[in-house]
file model_5.cif (mmCIF, C-alpha atoms)
data_final
loop_
_atom_site.label_atom_id
_atom_site.label_comp_id
_atom_site.auth_asym_id
_atom_site.auth_seq_id
_atom_site.Cartn_x
_atom_site.Cartn_y
_atom_site.Cartn_z
CA MET S 276 121.09 102.06 120.61
CA PRO S 277 123.00 98.75 120.76
CA SER S 278 126.69 98.79 119.80
CA ALA S 279 127.48 97.61 116.28
CA ALA S 280 127.87 93.85 115.88
CA CYS S 281 130.03 91.81 113.55
CA LEU S 282 127.18 89.33 113.03
CA SER S 283 123.46 89.62 113.64
CA ILE S 284 121.60 86.31 113.88
CA LEU S 285 117.98 87.02 112.95
CA ILE S 286 115.25 84.60 114.05
CA PRO S 287 111.60 85.16 113.09
CA VAL S 288 109.29 83.18 115.37
CA TYR S 289 105.66 82.19 115.08
CA ASN S 290 104.21 79.64 117.51
CA TYR S 291 107.46 77.75 118.06
CA ASP S 292 109.70 76.90 121.01
CA ILE S 293 113.18 78.34 120.37
CA ALA S 294 114.84 77.44 123.69
CA ALA S 295 117.03 74.67 122.20
CA LEU S 296 118.08 76.82 119.24
CA LEU S 297 119.07 79.80 121.42
CA LYS S 298 121.10 77.53 123.71
CA VAL S 299 123.05 76.01 120.80
CA LEU S 300 123.75 79.38 119.19
CA ASN S 301 124.86 80.98 122.45
CA ASN S 302 127.14 78.04 123.29
CA GLN S 303 128.78 78.23 119.88
CA CYS S 304 129.34 81.96 120.22
CA ASN S 305 130.84 81.50 123.69
CA ALA S 306 133.18 78.79 122.38
CA LEU S 307 134.80 81.03 119.77
CA LYS S 308 138.48 81.64 120.55
CA LYS S 309 138.28 85.31 119.66
CA GLU S 310 134.63 86.13 119.96
CA PRO S 311 133.53 89.07 117.84
CA HIS S 312 130.41 90.96 118.86
CA ILE S 313 127.52 88.70 117.86
CA GLU S 314 123.93 89.63 118.56
CA ILE S 315 120.85 87.43 118.31
CA ILE S 316 117.57 89.17 117.53
CA VAL S 317 114.32 87.27 117.94
CA LEU S 318 111.12 88.74 116.53
CA ASP S 319 107.90 87.04 117.58
CA ASP S 320 105.32 87.68 114.85
CA GLY S 321 102.18 87.77 117.00
CA SER S 322 102.30 84.17 118.24
CA GLN S 323 99.31 82.79 120.11
CA GLN S 324 101.50 80.18 121.80
CA LYS S 325 104.45 81.92 123.48
CA TYR S 326 106.10 78.86 125.07
CA ASN S 327 108.92 80.05 127.36
CA ASN S 328 110.72 82.01 124.65
CA GLN S 329 110.86 85.41 126.29
CA THR S 330 112.17 84.04 129.59
CA VAL S 331 114.85 81.98 127.84
CA ALA S 332 115.88 84.95 125.72
CA ALA S 333 116.10 87.26 128.73
CA ALA S 334 118.65 84.94 130.35
CA ILE S 335 121.09 85.32 127.43
CA ASP S 336 122.86 88.68 127.28
CA ARG S 337 123.41 88.69 123.52
CA VAL S 338 119.71 88.13 122.72
CA ARG S 339 117.21 90.89 121.98
CA TYR S 340 113.63 89.67 122.06
CA ILE S 341 110.97 91.72 120.24
CA GLU S 342 107.25 90.99 120.14
CA SER S 343 104.82 92.13 117.48
CA ALA S 344 101.29 92.83 118.68
CA GLU S 345 99.85 91.31 115.51
CA ASN S 346 100.85 88.82 112.86
CA LYS S 347 102.43 90.80 110.02
CA GLY S 348 103.60 87.91 107.87
CA ARG S 349 106.90 86.49 106.77
CA ALA S 350 108.04 89.34 104.51
CA ALA S 351 107.27 92.20 106.91
CA THR S 352 108.82 90.33 109.84
CA ARG S 353 112.10 89.79 108.02
CA ASN S 354 112.18 93.43 106.91
CA GLN S 355 111.84 94.53 110.53
CA LEU S 356 114.62 92.19 111.60
CA ILE S 357 116.90 93.73 108.96
CA LYS S 358 116.15 97.20 110.35
CA GLU S 359 116.83 96.08 113.92
CA ALA S 360 120.18 94.47 113.09
CA THR S 361 123.48 96.27 113.69
CA GLY S 362 125.80 93.64 112.23
CA LYS S 363 127.91 93.92 109.11
CA TYR S 364 126.64 90.43 108.29
CA LEU S 365 123.16 89.03 108.85
CA LEU S 366 122.34 85.35 109.39
CA PHE S 367 118.70 84.46 108.86
CA LEU S 368 117.81 81.29 110.72
CA ASP S 369 114.27 79.97 111.04
CA ALA S 370 112.97 79.13 114.50
CA ASP S 371 112.58 75.43 113.65
CA MET S 372 116.19 74.94 112.53
CA GLN S 373 119.06 73.37 114.49
CA PRO S 374 122.73 73.78 113.40
CA ASP S 375 124.24 70.45 112.40
CA LYS S 376 127.88 71.22 113.19
CA ASP S 377 129.65 72.55 116.27
CA ASP S 378 131.45 75.10 114.09
CA PHE S 379 128.25 76.33 112.38
CA ILE S 380 128.81 79.96 113.47
CA GLN S 381 132.56 79.74 112.84
CA GLN S 382 132.02 78.63 109.24
CA TYR S 383 129.84 81.65 108.56
CA LEU S 384 132.37 83.99 110.20
CA GLN S 385 134.99 82.58 107.83
CA GLN S 386 132.74 83.46 104.90
CA ALA S 387 132.38 86.97 106.30
CA GLU S 388 136.17 87.27 106.47
CA LYS S 389 136.24 86.44 102.75
CA HIS S 390 133.76 89.31 102.15
CA ALA S 391 131.18 86.96 100.63
CA ASP S 392 127.88 88.58 99.65
CA VAL S 393 125.25 85.83 99.94
CA VAL S 394 126.00 82.40 101.39
CA CYS S 395 123.42 79.58 101.65
CA GLY S 396 124.28 76.94 104.22
CA GLY S 397 121.71 74.33 103.31
CA ILE S 398 118.93 72.30 104.89
CA SER S 399 119.10 68.78 106.31
CA TYR S 400 117.00 66.41 108.40
CA GLN S 401 119.82 64.52 110.08
CA GLN S 402 118.86 65.62 113.62
CA ASN S 403 115.16 65.03 113.12
CA LYS S 404 114.24 61.61 114.46
CA ASP S 405 110.48 61.81 113.95
CA TYR S 406 109.78 59.04 111.44
CA SER S 407 106.01 58.77 111.90
CA ASP S 408 103.98 57.91 108.82
CA ASP S 409 102.25 61.30 108.82
CA TYR S 410 105.56 63.02 107.99
CA ALA S 411 106.85 60.47 105.48
CA PHE S 412 105.75 62.38 102.38
CA TYR S 413 107.10 65.69 103.63
CA LEU S 414 110.51 64.11 104.24
CA TYR S 415 110.44 62.39 100.85
CA LYS S 416 109.60 65.63 99.05
CA SER S 417 112.04 67.78 101.02
CA LYS S 418 114.95 65.41 100.52
CA ARG S 419 114.33 65.53 96.77
CA THR S 420 113.93 69.29 96.48
CA GLU S 421 115.76 70.94 99.41
CA ALA S 422 118.15 68.78 101.43
CA LEU S 423 120.94 68.60 98.86
CA PRO S 424 124.75 68.94 99.04
CA ALA S 425 126.34 72.26 98.12
CA SER S 426 127.89 70.76 95.00
CA GLN S 427 124.41 70.14 93.61
CA ARG S 428 122.90 73.39 94.86
CA ASN S 429 125.68 75.44 93.28
CA GLN S 430 124.64 74.16 89.86
CA SER S 431 121.45 76.24 90.20
CA PRO S 432 122.10 78.69 93.08
CA LEU S 433 118.85 80.67 92.90
CA ARG S 434 116.67 77.56 92.87
CA TYR S 435 118.00 76.50 96.27
CA LEU S 436 117.99 79.85 98.04
CA PHE S 437 116.04 79.43 101.27
CA THR S 438 115.76 82.05 104.00
CA SER S 439 115.76 79.35 106.69
CA ASN S 440 119.60 79.32 106.78
CA ILE S 441 121.35 82.09 104.87
CA LEU S 442 124.17 84.58 105.53
CA LEU S 443 124.19 87.97 103.82
CA ARG S 444 126.31 91.08 103.88
CA ALA S 445 124.08 93.73 105.45
CA GLU S 446 124.67 96.18 102.60
CA CYS S 447 123.21 93.64 100.17
CA VAL S 448 119.82 93.50 101.84
CA GLU S 449 119.41 97.07 103.07
CA GLN S 450 118.50 98.12 99.53
CA ILE S 451 116.64 94.90 98.68
CA PRO S 452 113.86 94.35 101.24
CA PHE S 453 111.31 91.57 101.11
CA ASN S 454 108.22 92.40 99.08
CA THR S 455 105.30 92.82 101.49
CA ARG S 456 102.79 92.24 98.67
CA PHE S 457 103.32 88.56 99.45
CA LYS S 458 100.70 88.25 102.17
CA ASP S 459 99.88 84.55 101.97
CA TYR S 460 102.11 81.51 102.19
CA GLY S 461 105.12 80.99 99.94
CA TYR S 462 107.45 82.45 97.32
CA GLU S 463 108.39 85.67 99.10
CA ASP S 464 111.89 84.21 99.52
CA ILE S 465 112.14 83.24 95.84
CA GLU S 466 111.07 86.71 94.69
CA TRP S 467 113.57 88.28 97.08
CA GLY S 468 116.26 85.90 95.85
CA ILE S 469 115.64 86.84 92.22
CA ARG S 470 116.33 90.49 93.01
CA LEU S 471 119.38 89.59 95.09
CA ALA S 472 120.82 87.43 92.32
CA GLU S 473 120.57 90.30 89.86
CA LYS S 474 123.19 92.21 91.85
CA TYR S 475 125.16 89.74 93.94
CA PRO S 476 126.63 86.26 93.47
CA LEU S 477 124.98 83.46 95.43
CA ILE S 478 127.15 80.66 96.76
CA HIS S 479 126.22 77.47 98.58
CA ILE S 480 128.34 75.74 101.22
CA ASP S 481 127.85 72.63 103.31
CA ASN S 482 126.95 74.32 106.60
CA SER S 483 123.49 72.89 107.07
CA ALA S 484 120.90 73.18 109.79
CA SER S 485 118.33 70.48 110.45
CA HIS S 486 114.70 71.33 109.86
CA MET S 487 112.89 70.19 112.99
CA GLY S 488 109.40 71.52 112.20
CA LEU S 489 107.99 68.73 110.09
CA VAL S 490 104.63 69.16 108.41
CA SER S 491 101.97 66.49 107.97
CA ARG S 492 101.09 65.16 104.55
CA GLN S 493 97.79 67.01 104.45
CA GLN S 494 99.33 70.24 105.71
CA VAL S 495 102.00 70.32 103.02
CA PHE S 496 99.35 69.72 100.36
CA GLU S 497 97.13 72.52 101.68
CA ARG S 498 100.10 74.88 101.89
CA MET S 499 100.91 74.21 98.26
CA ARG S 500 97.33 74.90 97.22
CA ALA S 501 97.27 78.12 99.24
CA SER S 502 100.55 79.31 97.69
CA SER S 503 99.27 79.47 94.09
CA ARG S 504 98.28 83.12 94.48
CA ASN S 505 101.79 84.07 95.54
CA PHE S 506 103.27 81.96 92.73
CA ALA S 507 101.16 83.87 90.23
CA LEU S 508 102.26 87.17 91.79
CA LEU S 509 105.87 86.06 91.50
CA LEU S 510 105.44 85.36 87.80
CA SER S 511 103.72 88.69 87.21
CA LEU S 512 106.64 90.52 88.83
CA HIS S 513 109.29 88.46 87.05
CA PRO S 514 107.92 87.25 83.69
CA ASP S 515 111.32 85.82 82.73
CA PHE S 516 110.86 83.27 85.50
CA PHE S 517 108.36 81.49 83.21
CA SER S 518 111.22 80.29 81.03
CA LYS S 519 113.09 78.90 84.05
CA SER S 520 110.20 77.07 85.71
CA SER S 521 108.74 73.97 84.06
CA ALA S 522 105.65 74.27 86.30
CA ALA S 523 105.09 77.86 85.18
CA ARG S 524 105.52 77.00 81.50
CA LEU S 525 103.03 74.15 81.71
CA ALA S 526 100.54 76.24 83.72
CA ALA S 527 100.77 79.00 81.12
CA CYS S 528 99.51 76.51 78.52
CA LEU S 529 96.89 74.82 80.69
CA GLN S 530 95.21 78.11 81.66
CA TYR S 531 93.42 78.04 78.29
CA LEU S 532 91.66 74.75 79.07
CA PRO S 533 87.94 74.90 79.99
CA ASP S 534 87.18 75.68 83.60
CA PHE S 535 85.33 72.41 84.17
CA LEU S 536 88.37 70.40 83.07
CA LEU S 537 90.75 72.29 85.36
CA THR S 538 88.30 71.97 88.26
CA PHE S 539 87.84 68.25 87.62
CA THR S 540 91.59 67.63 87.48
CA ASP S 541 92.14 69.63 90.66
CA GLY S 542 89.49 67.55 92.44
CA LEU S 543 90.97 64.33 91.09
CA CYS S 544 94.43 65.27 92.37
CA LYS S 545 93.01 66.15 95.76
CA GLY S 546 91.29 62.78 95.98
CA LEU S 547 94.34 60.84 94.86
CA PHE S 548 96.55 62.67 97.31
CA THR S 549 94.24 61.64 100.13
CA TYR S 550 94.17 57.94 99.31
CA LEU S 551 97.51 57.07 97.66
CA GLU S 552 100.25 55.65 99.88
CA ASN S 553 103.29 55.52 97.59
CA ASN S 554 105.39 58.63 98.15
CA ARG S 555 106.74 58.67 94.61
CA LEU S 556 103.23 58.69 93.16
CA LEU S 557 102.13 61.25 95.72
CA PHE S 558 104.99 63.51 94.62
CA TYR S 559 103.82 63.43 90.99
CA VAL S 560 100.22 64.14 92.04
CA PHE S 561 101.47 66.98 94.21
CA GLN S 562 103.41 68.50 91.31
CA LEU S 563 100.47 68.11 88.90
CA ASP S 564 98.03 69.79 91.26
CA LYS S 565 100.54 72.61 91.80
CA VAL S 566 100.44 73.25 88.05
CA ILE S 567 96.66 73.03 87.91
CA ARG S 568 96.22 75.46 90.80
CA LEU S 569 98.64 77.90 89.20
CA SER S 570 96.89 77.64 85.81
CA GLN S 571 93.58 78.48 87.50
CA GLU S 572 95.13 81.49 89.19
CA LEU S 573 96.71 82.69 85.94
CA LYS S 574 93.36 82.27 84.18
CA ASN S 575 91.57 84.31 86.84
CA ARG S 576 94.14 87.10 86.50
CA ARG S 577 93.75 87.11 82.73
CA LEU S 578 89.94 87.41 82.78
#
call {"tool": "encode", "arguments": {"input": "model_5.cif", "output": "C-alpha cells"}}
result
Amino acid sequence: MPSAACLSILIPVYNYDIAALLKVLNNQCNALKKEPHIEIIVLDDGSQQKYNNQTVAAAIDRVRYIESAENKGRAATRNQLIKEATGKYLLFLDADMQPDKDDFIQQYLQQAEKHADVVCGGISYQQNKDYSDDYAFYLYKSKRTEALPASQRNQSPLRYLFTSNILLRAECVEQIPFNTRFKDYGYEDIEWGIRLAEKYPLIHIDNSASHMGLVSRQQVFERMRASSRNFALLLSLHPDFFSKSSAARLAACLQYLPDFLLTFTDGLCKGLFTYLENNRLLFYVFQLDKVIRLSQELKNRRL
C-alpha cells in the first residue's frame, strides 16, 4: 500500500500521448521548495494506441501507471482513480491538458492550505498552436463556452465545472462518485457537479491548463448528437435542471411537435452544418440541433 500523499494527481487516459504532461507535472513537483508527498496516478482505459506512456511513467518515481483490460468509460475510470488515490486532495487533469503556468501545482497546494473544497482552475487554448481550418469551429465554440476567466465563471460556478482541470478535497468525492449510468459521451461531469454543488461550495480561480486535444468540426457535431441520450438522463435525474437550462426548456416544448417536423429540422441542421463556413452561424445551427436531438430523446422516453 503506497504511503499517504498530500496531493494525488489523477489522469485518465484513452488513446493519448501523455509524455509531455508527465514531464511538466514532475518538473513542477521537483521545483517546490518544500515538496509535500505528491503522487501521480495514470489510468489507461483500455487504449488501442499505447504510445510510450507506460515506459515514460515507469521512469518517474512518483507515477503509478494502471491499465484497464477493457474500456470502462469516463465515469467508471474516474471512480477507480478516486479509489486508488491516497491524497487528502485530488487533482483531476485530463490527458490532453497542459498547465499554463510554472506554479500550476503550487497554486493548487495553496488552495489546499486554505482547506478549499472544490476548486476549478479553468481551460485555455493559449499553448495550442494548431490553427488549421478543421479546428476553427471547435476553438470558436470552446472560447465562447469554456475558456473564460475566473471572474466570469464564478458568476455561474456549476455551469463551468469541468473535470479536465479540477481540485477537490478527497472527503468531498469519496461519498459522491461519478454515476456509471452515463455510458455514452457527455454530461457525466455535469451530473456529478450538481451533486457536489448541493453539499460543497464551488470556486473558480485563474489556474488554467491548455486543451491540446482539438476536435474537428465534424467530430464535435457528432459528439453533440451522440450526447443527447446522456443529456436526457441528466434531466431525468435532476428535473430542476430544466429551469436552469434554456436548451432543456425549449426541448421540453418541442418534444410535442410531430415526428416528421423534428426529423426534418434535424436533417436540415445536419446539412447546414456541413456546408456553412461562418463560425457564428455554425454555432447557432449547432445549438438548434442540440435542442432538436434532445427533444427527440425526451419524446422517445415519454412514449
call {"tool": "residues_near_point", "arguments": {"input": "model_5.cif", "point": "(135.9, 87.4, 107.1)", "cutoff": "12 Å", "atoms": "all atoms listed in the file", "output": "PyMOL selection string"}}
result
chain S and resi 281-282+311+363-364+381-392+444
call {"tool": "residues_around", "arguments": {"input": "model_5.cif", "residues": "range 528-541 of chain S", "least_positions_apart": "4", "cutoff": "7 Å", "atoms": "only C-alpha atoms", "output": "MDAnalysis selection string"}}
result
chainID S and resid 524 545 564 567 570:571 573:574
call {"tool": "atom_distance", "arguments": {"input": "model_5.cif", "atom1": "CA of Leu443 in chain S", "atom2": "CA of Ile398 in chain S"}}
result
16.6 Å
call {"tool": "resolve_selection", "arguments": {"input": "model_5.cif", "expression": "the PyMOL selection byres ((chain S and resi 523) around 10)", "output": "list in words"}}
result
Phe506, Ala507, Leu510, Pro514, Phe516, Phe517, Ser518, Lys519, Ser520, Ser521, Ala522, Arg524, Leu525, Ala526, Ala527, Cys528, Leu529, Lys565, Val566, Leu569, Ser570 and Leu573 of chain S
call {"tool": "residues_around", "arguments": {"input": "model_5.cif", "residues": "Gly397 in chain S", "least_positions_apart": "2", "cutoff": "12 Å", "atoms": "only C-alpha atoms", "output": "JSON, numbers by chain"}}
result
{"S": [367, 368, 372, 373, 374, 375, 379, 394, 395, 399, 400, 417, 418, 420, 421, 422, 423, 424, 425, 426, 427, 428, 429, 432, 435, 436, 437, 438, 439, 440, 441, 442, 478, 479, 480, 481, 482, 483, 484, 485, 486]}
call {"tool": "resolve_selection", "arguments": {"input": "model_5.cif", "expression": "the PyMOL selection byres ((chain S and resi 508) around 12)", "output": "PyMOL selection string"}}
result
chain S and resi 454-463+465-466+502-507+509-514+516-517+523+569+572-573+576
call {"tool": "closest_residue", "arguments": {"input": "model_5.cif", "among": "S:Asp292, S:Asp319, S:Asp408, S:Glu314", "to": "Ala351 in chain S", "atoms": "all atoms listed in the file"}}
result
S:Asp319
call {"tool": "resolve_selection", "arguments": {"input": "model_5.cif", "expression": "the PyMOL selection byres ((chain S and resi 346) around 8)", "output": "ChimeraX atom specification"}}
result
/S:320-322,343-345,347-348
call {"tool": "closest_residue", "arguments": {"input": "model_5.cif", "among": "S:Lys474, S:Arg498, S:Arg577, S:Arg419", "to": "Asn554 in chain S", "atoms": "all atoms listed in the file"}}
result
S:Arg419
call {"tool": "closest_residue", "arguments": {"input": "model_5.cif", "among": "S:Ile380, S:Ala501, S:Leu557, S:Leu551", "to": "Ile313 in chain S", "atoms": "only C-alpha atoms"}}
result
S:Ile380
call {"tool": "decode", "arguments": {"input": "model_5.cif", "residues": "range 358-388 of chain S", "atoms": "N, CA and C atoms", "output": "compact mmCIF listing (two decimals), in the first residue's frame"}}
result
# COMPACT_ATOMS: atom_id res chain seq x y z
N LYS S 358 -10.58 5.77 -5.97
CA LYS S 358 -10.29 4.67 -5.05
C LYS S 358 -8.79 4.42 -4.92
N GLU S 359 -8.05 4.63 -6.00
CA GLU S 359 -6.61 4.38 -5.98
C GLU S 359 -5.84 5.48 -5.24
N ALA S 360 -6.40 6.67 -5.17
CA ALA S 360 -5.69 7.82 -4.62
C ALA S 360 -5.53 7.72 -3.11
N THR S 361 -4.40 8.22 -2.62
CA THR S 361 -4.15 8.28 -1.18
C THR S 361 -4.11 9.71 -0.66
N GLY S 362 -4.17 10.69 -1.55
CA GLY S 362 -4.02 12.08 -1.15
C GLY S 362 -5.21 12.66 -0.42
N LYS S 363 -4.93 13.68 0.39
CA LYS S 363 -6.00 14.42 1.06
C LYS S 363 -6.73 15.30 0.03
N TYR S 364 -6.01 15.66 -1.02
CA TYR S 364 -6.61 16.42 -2.12
C TYR S 364 -6.37 15.66 -3.43
N LEU S 365 -7.34 15.76 -4.32
CA LEU S 365 -7.27 15.10 -5.62
C LEU S 365 -7.32 16.16 -6.72
N LEU S 366 -6.44 16.04 -7.68
CA LEU S 366 -6.44 16.94 -8.84
C LEU S 366 -6.72 16.11 -10.09
N PHE S 367 -7.92 16.27 -10.63
CA PHE S 367 -8.24 15.62 -11.90
C PHE S 367 -7.68 16.48 -13.04
N LEU S 368 -6.94 15.82 -13.92
CA LEU S 368 -6.36 16.52 -15.06
C LEU S 368 -6.44 15.59 -16.27
N ASP S 369 -7.13 16.04 -17.31
CA ASP S 369 -7.27 15.20 -18.50
C ASP S 369 -5.92 15.03 -19.19
N ALA S 370 -5.80 13.92 -19.92
CA ALA S 370 -4.55 13.59 -20.58
C ALA S 370 -4.13 14.62 -21.62
N ASP S 371 -5.10 15.31 -22.23
CA ASP S 371 -4.78 16.27 -23.29
C ASP S 371 -4.70 17.71 -22.79
N MET S 372 -4.39 17.88 -21.50
CA MET S 372 -4.22 19.21 -20.93
C MET S 372 -2.75 19.48 -20.64
N GLN S 373 -2.37 20.77 -20.71
CA GLN S 373 -1.02 21.19 -20.37
C GLN S 373 -1.10 22.42 -19.46
N PRO S 374 -0.55 22.36 -18.24
CA PRO S 374 -0.57 23.53 -17.34
C PRO S 374 0.00 24.77 -18.01
N ASP S 375 -0.66 25.89 -17.80
CA ASP S 375 -0.23 27.13 -18.45
C ASP S 375 0.82 27.89 -17.66
N LYS S 376 0.89 27.67 -16.35
CA LYS S 376 1.82 28.44 -15.51
C LYS S 376 2.83 27.51 -14.84
N ASP S 377 4.01 28.07 -14.55
CA ASP S 377 5.05 27.30 -13.89
C ASP S 377 4.69 26.97 -12.44
N ASP S 378 3.77 27.75 -11.87
CA ASP S 378 3.36 27.50 -10.48
C ASP S 378 1.97 26.85 -10.42
N PHE S 379 1.60 26.11 -11.46
CA PHE S 379 0.30 25.45 -11.55
C PHE S 379 0.05 24.57 -10.32
N ILE S 380 0.99 23.70 -9.98
CA ILE S 380 0.84 22.82 -8.82
C ILE S 380 0.84 23.65 -7.54
N GLN S 381 1.73 24.63 -7.45
CA GLN S 381 1.83 25.45 -6.25
C GLN S 381 0.53 26.18 -5.96
N GLN S 382 -0.13 26.68 -7.00
CA GLN S 382 -1.40 27.39 -6.78
C GLN S 382 -2.45 26.47 -6.18
N TYR S 383 -2.48 25.22 -6.63
CA TYR S 383 -3.45 24.29 -6.08
C TYR S 383 -3.09 23.89 -4.64
N LEU S 384 -1.80 23.78 -4.33
CA LEU S 384 -1.38 23.48 -2.97
C LEU S 384 -1.78 24.62 -2.02
N GLN S 385 -1.73 25.85 -2.52
CA GLN S 385 -2.18 26.99 -1.71
C GLN S 385 -3.66 26.92 -1.43
N GLN S 386 -4.44 26.45 -2.39
CA GLN S 386 -5.88 26.26 -2.16
C GLN S 386 -6.11 25.16 -1.13
N ALA S 387 -5.30 24.12 -1.18
CA ALA S 387 -5.41 23.04 -0.20
C ALA S 387 -5.10 23.55 1.20
N GLU S 388 -4.12 24.43 1.31
CA GLU S 388 -3.77 25.01 2.61
C GLU S 388 -4.91 25.84 3.18
